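Data first, discussion second: the structure below is written as structure tokens.
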Amino acid sequence: MRGTRPNIVSIVSDDQGIWALGCYGNGEIRTPNLDRLASRGIRFDNFFCASPVCSPARASLMTGRIPSQHGIHDWIREGNSRADAIDYLAGQRLYTDRLAACGYACGFSGKWHLGDSATPRDGFTHWYVHERGGGPYYNAPMYRDGERVLEPGYITDVITDDALDWIDRAARSDGPFYAAVHYTAPHSPWIDNHPKAIVDSYDDCPFASCPDDPPHPWFLGSTVPGGVREQRRENLKGYFAAVTAMDANIGRILDKLDALNITKDTLVFFISDNGYNCGHHGVWGKGNGTFPLNMYDSSVKVPTIIAHPGAIPAGTACAALLSQYDFMPTLLDYLGIEHPDADTLPGRSFASLLRGEAVNEREEVVVYDEYGPVRMIRSREWKYVHRYPYGPHELYDLVSDPDERNNVFEERSTAALRAEMKARLEAWFARYVAPDRDGVREAVYGKGQLRLAGPAGRGEKAFADDV
């Protein structure tokens, strides 16, 4: 390792439920390399996205801000390509800005999906980015050096090839490197889009880890291509294959670090942007798999693994309630880099957990989440979901009802509790939201963001309400 700071490899998957890894207890899906990564570091069992859809969650990871601060409230539907480019994070500080300022060489390979995909973010010397945020796994539209290209190969392999080349070059230069490897996997489509040998290897899988429940009353079947009821097994085979193919490529990255003899000099973190339901709760999809938008744990809880051999305790599990908005302050704290925005952001560093030290839980042991006008506060024992302005609202006893089957919001015995949780929820958001970017004010349907909301887009429709 050059200097005192480690290299960083950031691996982000797309639409991967916390249930969809072997190291989280799923004996059906094959993820030997993510399991290997977990054996080298810490597996977090209660890590939550900041919003159960890709673009807001990814923006929160990069900025440390909640959606009602950074202004991205839904997946970016328009503004990704060069022709209609919108920089949705213009003027906002990313943690990579701080890394670059401290001497990190920064490279990005894969899914950006925060607008203006063709233009490299400040501080990046390598930029190979998907034009949109997903789509077919073959002939995917990518931007390389600002030029749009169609990649004939399997895009999970192609993203990894690019990242490995970048790591190989960066590891031989002076100073530490940061490599972002952001996959489109295992996002749909799943049928006829993944290596046949891997798909076929799941022919005999019973898929007991994916409930075949009746459709949820709010389920939007149109969110999943291929017909989930008619082709349930084929969709599941494709989803599992997408995860396993991605896992094999993550193995290639870990092997590259070993081959370069820099494993001990490299911090690797893996996280999904949001959770996912493959039949869980009778839903296929994430937060926008239903309307009203949902906040089930299967939508908002994400797999998270962080490893740095010799520095982070190996083979451990952490049950602390943490959120994506905690990631930026944690990373900068762990690296010893100043965080000038710390006092204005909601997250708190959990770097002491990474060092194996005792940590004081946050004063209120809860996490918060939002998706447009839907907001959640969750403790270890209770989850309260409030939908502005009219509901319906939800309250779940997570001790007696961990699968969130019985909404006790209307029960008289919970009146005091729900009033207390609502007050805490509203006080927290009042403290952190930027009024001109407040999601409560926006008509978010889960069908995509068209342009900047608030004053920057005033007078124009900001969110799609149709297919």
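Chain lettering (A, B, ...) mirrors the order of the structure tokens, residue numbering begins at 1 for each chain separately, and ligand numbering begins at 1 in order of display.
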Query raised in the report: Excluding same-chain residues fewer than 5 positions from Glu28 in chain A, what lies within 9 Å of it counting only C-alpha atoms, as a PyMOL selection string?
Result: chain A and resi 20-22+202+205-209+240
Query raised in the report: With only C-alpha atoms as the atoms that count, which of A:Cys278, A:Cys54, A:Met62, A:Ala307 lies nearest to Asp74 in chain A?
Result: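 The closest residue to Asp74 in chain A is A:Cys54.
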Within 9 Å of range 168-187 of chain A, which residues of range 48-164 of chain A come that close, and what is the closest atom pair and distance in Å for each? Count only C-alpha atoms and give it as JSON lines.
```
{"residue": "A:Thr96", "atom": "CA", "partner": "A:Tyr178", "partner_atom": "CA", "distance": 8.3}
{"residue": "A:Leu99", "atom": "CA", "partner": "A:Tyr178", "partner_atom": "CA", "distance": 8.0}
{"residue": "A:Ala100", "atom": "CA", "partner": "A:Tyr178", "partner_atom": "CA", "distance": 8.8}
{"residue": "A:Gly103", "atom": "CA", "partner": "A:Gly175", "partner_atom": "CA", "distance": 6.4}
{"residue": "A:Tyr104", "atom": "CA", "partner": "A:Phe177", "partner_atom": "CA", "distance": 5.0}
{"residue": "A:Ala105", "atom": "CA", "partner": "A:Phe177", "partner_atom": "CA", "distance": 4.6}
{"residue": "A:Cys106", "atom": "CA", "partner": "A:Tyr178", "partner_atom": "CA", "distance": 4.7}
{"residue": "A:Gly107", "atom": "CA", "partner": "A:Ala179", "partner_atom": "CA", "distance": 5.0}
{"residue": "A:Phe108", "atom": "CA", "partner": "A:Ala180", "partner_atom": "CA", "distance": 4.7}
{"residue": "A:Ser109", "atom": "CA", "partner": "A:Val181", "partner_atom": "CA", "distance": 5.1}
{"residue": "A:Gly110", "atom": "CA", "partner": "A:His182", "partner_atom": "CA", "distance": 4.7}
{"residue": "A:Lys111", "atom": "CA", "partner": "A:His182", "partner_atom": "CA", "distance": 5.1}
{"residue": "A:Trp112", "atom": "CA", "partner": "A:His182", "partner_atom": "CA", "distance": 7.4}
{"residue": "A:His130", "atom": "CA", "partner": "A:Thr184", "partner_atom": "CA", "distance": 8.6}
{"residue": "A:Gly133", "atom": "CA", "partner": "A:Thr184", "partner_atom": "CA", "distance": 7.0}
{"residue": "A:Gly134", "atom": "CA", "partner": "A:Thr184", "partner_atom": "CA", "distance": 5.7}
{"residue": "A:Gly135", "atom": "CA", "partner": "A:His187", "partner_atom": "CA", "distance": 8.2}
{"residue": "A:Tyr137", "atom": "CA", "partner": "A:Thr184", "partner_atom": "CA", "distance": 8.4}
{"residue": "A:Ile155", "atom": "CA", "partner": "A:Thr184", "partner_atom": "CA", "distance": 8.1}
{"residue": "A:Thr156", "atom": "CA", "partner": "A:Tyr183", "partner_atom": "CA", "distance": 6.5}
{"residue": "A:Ile159", "atom": "CA", "partner": "A:Tyr183", "partner_atom": "CA", "distance": 7.2}
{"residue": "A:Thr160", "atom": "CA", "partner": "A:Val181", "partner_atom": "CA", "distance": 7.3}
{"residue": "A:Ala163", "atom": "CA", "partner": "A:Val181", "partner_atom": "CA", "distance": 6.4}
{"residue": "A:Leu164", "atom": "CA", "partner": "A:Asp168", "partner_atom": "CA", "distance": 6.0}
```
For range 318-370 of chain A against range 35-49 of chain A, with a cut-off of 8 Å and counting only C-alpha atoms, what is the closest atom pair and its distance in Å to one decimal for every residue that makes the cut, ordered by chain and number, as JSON lines?
```
{"residue": "A:Cys318", "atom": "CA", "partner": "A:Phe44", "partner_atom": "CA", "distance": 4.9}
{"residue": "A:Ala319", "atom": "CA", "partner": "A:Asp45", "partner_atom": "CA", "distance": 5.3}
{"residue": "A:Ala320", "atom": "CA", "partner": "A:Asn46", "partner_atom": "CA", "distance": 6.1}
{"residue": "A:Leu321", "atom": "CA", "partner": "A:Asn46", "partner_atom": "CA", "distance": 5.1}
{"residue": "A:Leu322", "atom": "CA", "partner": "A:Phe47", "partner_atom": "CA", "distance": 4.8}
{"residue": "A:Ser323", "atom": "CA", "partner": "A:Phe48", "partner_atom": "CA", "distance": 4.6}
{"residue": "A:Gln324", "atom": "CA", "partner": "A:Cys49", "partner_atom": "CA", "distance": 5.3}
{"residue": "A:Leu354", "atom": "CA", "partner": "A:Ile42", "partner_atom": "CA", "distance": 7.6}
{"residue": "A:Val367", "atom": "CA", "partner": "A:Phe48", "partner_atom": "CA", "distance": 7.6}
{"residue": "A:Asp369", "atom": "CA", "partner": "A:Cys49", "partner_atom": "CA", "distance": 7.3}
```
Report task. Write out as a list in words each polymer residue whose atoms come within 10 Å of Arg77 in chain A, counting only C-alpha atoms; drop sequence neighbours fewer than 5 positions from it. Result ->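 So the residues in contact are Ser55, His113, Leu114, Gly115, Arg132, Gly133, Lys447, Gly448, Gln449, Leu450, Arg451, Phe463 and Ala464 of chain A.
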Query raised in the report: What is the distance, in Å and to one decimal place, between CA of Pro152 in chain A and CA of Phe124 in chain A?
Result: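 Between CA of Pro152 in chain A and CA of Phe124 in chain A the gap is 25.5 Å.
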Query raised in the report: Skipping near chain neighbours, those fewer than 5 positions away, what residues fall within 6 Å of Asp116 in chain A using only C-alpha atoms, listed as a PyMOL selection string?
Result: chain A and resi 80-81+85-87
Query raised in the report: Please, what distance in Å, to one decimal, runs between CA of Gly79 in chain A and CA of Ser117 in chain A?
Result: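 CA of Gly79 in chain A sits 8.5 Å away from CA of Ser117 in chain A.
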Requested in this report: Give the answer as one residue: which of A:Ile11, A:Val53, A:Cys102, A:Val374 has the shortest atom-to-atom distance to Pro389 in chain A, using only C-alpha atoms?
Outcome: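 Comparing A:Ile11, A:Val53, A:Cys102, A:Val374 against Pro389 in chain A, the winner is A:Val374.
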Query raised in the report: Quick one: DSSP strand (DSSP E or B) residues in range 112-306 of chain A, as a PyMOL selection string?
Result: chain A and resi 124-130+140-144+147-151+177-182+219+266-272+277-278+284-285+290+301+304-306
Report task. Compile the contact shell of Tyr368 in chain A as a VMD selection string: residues with an atom at most 7 Å away, counting only C-alpha atoms, same-chain residues fewer than 6 positions apart removed. Result -> chain A and resid 376 to 378
Write the residues you've just listed into a file as a PDB file, in the first residue's frame, and include C-alpha atoms for each of them.
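Done, and the output landed in result.pdb:
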```pdb
ATOM      1  CA  MET A 376     -40.782   5.147   7.511  1.00  0.00           C
ATOM      2  CA  ILE A 377     -39.290   5.000  10.988  1.00  0.00           C
ATOM      3  CA  ARG A 378     -38.060   1.590  12.134  1.00  0.00           C
TER       4      ARG A 378
END
```
Query raised in the report: Which neighbours of range 256-264 of chain A fall inside 9 Å, counting only C-alpha atoms, when residues of the same chain fewer than 4 positions from it are skipped, and could you give them as number ranges by chain?
Result: A: 1, 6-7, 164, 167-168, 171, 251-252, 268, 308-311
Selected residues written out with all heavy atoms, as a short mmCIF file (atom, residue, chain, number, x, y, z; two decimals), in the first residue's frame:
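Printed below is again.cif as written:
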```cif
data_model
loop_
_atom_site.label_atom_id
_atom_site.label_comp_id
_atom_site.auth_asym_id
_atom_site.auth_seq_id
_atom_site.Cartn_x
_atom_site.Cartn_y
_atom_site.Cartn_z
N MET A 1 0.85 -1.20 0.00
CA MET A 1 0.00 0.00 0.00
C MET A 1 0.88 1.24 0.00
O MET A 1 1.80 1.35 0.79
CB MET A 1 -0.91 -0.01 1.22
CG MET A 1 -1.84 1.20 1.31
SD MET A 1 -3.07 1.01 2.62
CE MET A 1 -2.02 0.85 4.05
N PRO A 6 -5.83 2.91 2.51
CA PRO A 6 -6.02 1.74 1.65
C PRO A 6 -6.63 2.10 0.31
O PRO A 6 -7.28 3.14 0.15
CB PRO A 6 -7.00 0.88 2.47
CG PRO A 6 -7.81 1.89 3.22
CD PRO A 6 -6.83 2.98 3.59
N ASN A 7 -6.43 1.22 -0.66
CA ASN A 7 -7.22 1.28 -1.88
C ASN A 7 -8.67 0.96 -1.50
O ASN A 7 -8.95 0.39 -0.45
CB ASN A 7 -6.73 0.25 -2.89
CG ASN A 7 -5.25 0.37 -3.17
OD1 ASN A 7 -4.77 1.44 -3.52
ND2 ASN A 7 -4.52 -0.73 -3.01
N LEU A 164 -11.34 -4.56 -14.00
CA LEU A 164 -10.07 -5.25 -13.79
C LEU A 164 -8.93 -4.53 -14.50
O LEU A 164 -7.82 -4.42 -13.97
CB LEU A 164 -10.17 -6.70 -14.26
CG LEU A 164 -11.08 -7.61 -13.44
CD1 LEU A 164 -11.17 -8.98 -14.08
CD2 LEU A 164 -10.57 -7.72 -12.00
N ILE A 167 -8.17 -1.45 -12.40
CA ILE A 167 -7.46 -1.82 -11.17
C ILE A 167 -6.01 -2.18 -11.48
O ILE A 167 -5.08 -1.76 -10.76
CB ILE A 167 -8.18 -2.98 -10.46
CG1 ILE A 167 -9.51 -2.49 -9.87
CG2 ILE A 167 -7.31 -3.58 -9.35
CD1 ILE A 167 -10.40 -3.61 -9.35
N ASP A 168 -5.80 -2.92 -12.56
CA ASP A 168 -4.45 -3.33 -12.94
C ASP A 168 -3.56 -2.12 -13.18
O ASP A 168 -2.41 -2.06 -12.73
CB ASP A 168 -4.53 -4.21 -14.19
CG ASP A 168 -3.43 -5.24 -14.26
OD1 ASP A 168 -2.97 -5.69 -13.20
OD2 ASP A 168 -3.02 -5.59 -15.38
N ALA A 171 -3.22 0.13 -9.79
CA ALA A 171 -2.39 -0.48 -8.76
C ALA A 171 -0.91 -0.28 -9.02
O ALA A 171 -0.09 -0.41 -8.09
CB ALA A 171 -2.71 -1.98 -8.64
N GLY A 251 -15.73 -12.68 -7.78
CA GLY A 251 -14.60 -13.56 -7.52
C GLY A 251 -13.39 -13.19 -8.35
O GLY A 251 -12.25 -13.26 -7.87
N ARG A 252 -13.61 -12.78 -9.59
CA ARG A 252 -12.50 -12.34 -10.43
C ARG A 252 -11.82 -11.11 -9.84
O ARG A 252 -10.59 -10.96 -9.91
CB ARG A 252 -13.00 -12.03 -11.85
CG ARG A 252 -13.55 -13.22 -12.61
CD ARG A 252 -14.19 -12.78 -13.93
NE ARG A 252 -13.23 -12.12 -14.81
CZ ARG A 252 -13.57 -11.29 -15.79
NH1 ARG A 252 -14.84 -10.97 -16.00
NH2 ARG A 252 -12.64 -10.75 -16.56
N VAL A 268 -12.70 -3.36 0.70
CA VAL A 268 -13.74 -3.76 -0.25
C VAL A 268 -15.09 -3.68 0.44
O VAL A 268 -15.27 -4.25 1.53
CB VAL A 268 -13.51 -5.20 -0.77
CG1 VAL A 268 -14.62 -5.58 -1.76
CG2 VAL A 268 -12.15 -5.32 -1.43
N HIS A 308 -11.55 -5.60 5.06
CA HIS A 308 -10.21 -5.04 4.93
C HIS A 308 -9.31 -5.92 5.79
O HIS A 308 -9.11 -5.65 6.98
CB HIS A 308 -10.17 -3.58 5.39
CG HIS A 308 -8.85 -2.90 5.21
ND1 HIS A 308 -8.57 -1.67 5.76
CD2 HIS A 308 -7.72 -3.27 4.53
CE1 HIS A 308 -7.33 -1.32 5.45
NE2 HIS A 308 -6.80 -2.28 4.69
N PRO A 309 -8.79 -7.00 5.19
CA PRO A 309 -8.05 -8.00 5.98
C PRO A 309 -6.93 -7.39 6.81
O PRO A 309 -6.14 -6.57 6.33
CB PRO A 309 -7.49 -8.94 4.90
CG PRO A 309 -8.49 -8.84 3.78
CD PRO A 309 -8.91 -7.40 3.78
N GLY A 310 -6.89 -7.80 8.07
CA GLY A 310 -5.89 -7.29 8.98
C GLY A 310 -6.29 -6.04 9.72
O GLY A 310 -5.67 -5.66 10.71
N ALA A 311 -7.35 -5.37 9.23
CA ALA A 311 -7.82 -4.13 9.86
C ALA A 311 -9.24 -4.27 10.38
O ALA A 311 -9.57 -3.76 11.45
CB ALA A 311 -7.72 -2.97 8.88
#
```
Requested in this report: Write down as a ChimeraX atom specification the residues belonging to range 27-264 of chain A that are assigned helix (DSSP H, G or I) by DSSP computed on the backbone.
Outcome: /A:32-40,54-63,67-70,95-101,155-170,196-200,221-223,232-259,263-264
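CA of Ala427 in chain A is found 26.6 Å from CA of Asn406 in chain A.
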Query - Nearest candidate to Tyr24 in chain A (options A:Gly315, A:Pro189, A:Gly287, A:Pro303; using only C-alpha atoms) - result: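 Between A:Gly315, A:Pro189, A:Gly287, A:Pro303, the residue approaching Tyr24 in chain A most closely is A:Pro303.
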**Report entry** range 210-218 of chain A environment, 7 Å, only C-alpha atoms, sequence neighbours closer than 3 positions dropped, as a VMD selection string
**Finding:** chain A and resid 207 278 to 283 290 to 292
May I have the residues from that selection written out with C-alpha atoms, as a PDB file, in the first residue's frame?
```
ATOM      1  CA  PHE A 207     -37.053 -21.890  -4.796  1.00  0.00           C
ATOM      2  CA  CYS A 278     -39.424 -12.221  -5.652  1.00  0.00           C
ATOM      3  CA  GLY A 279     -42.862 -13.214  -4.425  1.00  0.00           C
ATOM      4  CA  HIS A 280     -42.259 -11.970  -0.877  1.00  0.00           C
ATOM      5  CA  HIS A 281     -45.478 -10.376   0.392  1.00  0.00           C
ATOM      6  CA  GLY A 282     -47.063 -11.354  -2.909  1.00  0.00           C
ATOM      7  CA  VAL A 283     -44.893  -8.717  -4.614  1.00  0.00           C
ATOM      8  CA  THR A 290     -46.820  -1.778  -5.358  1.00  0.00           C
ATOM      9  CA  PHE A 291     -48.924   1.329  -5.354  1.00  0.00           C
ATOM     10  CA  PRO A 292     -49.169   2.789  -2.781  1.00  0.00           C
TER      11      PRO A 292
END
```
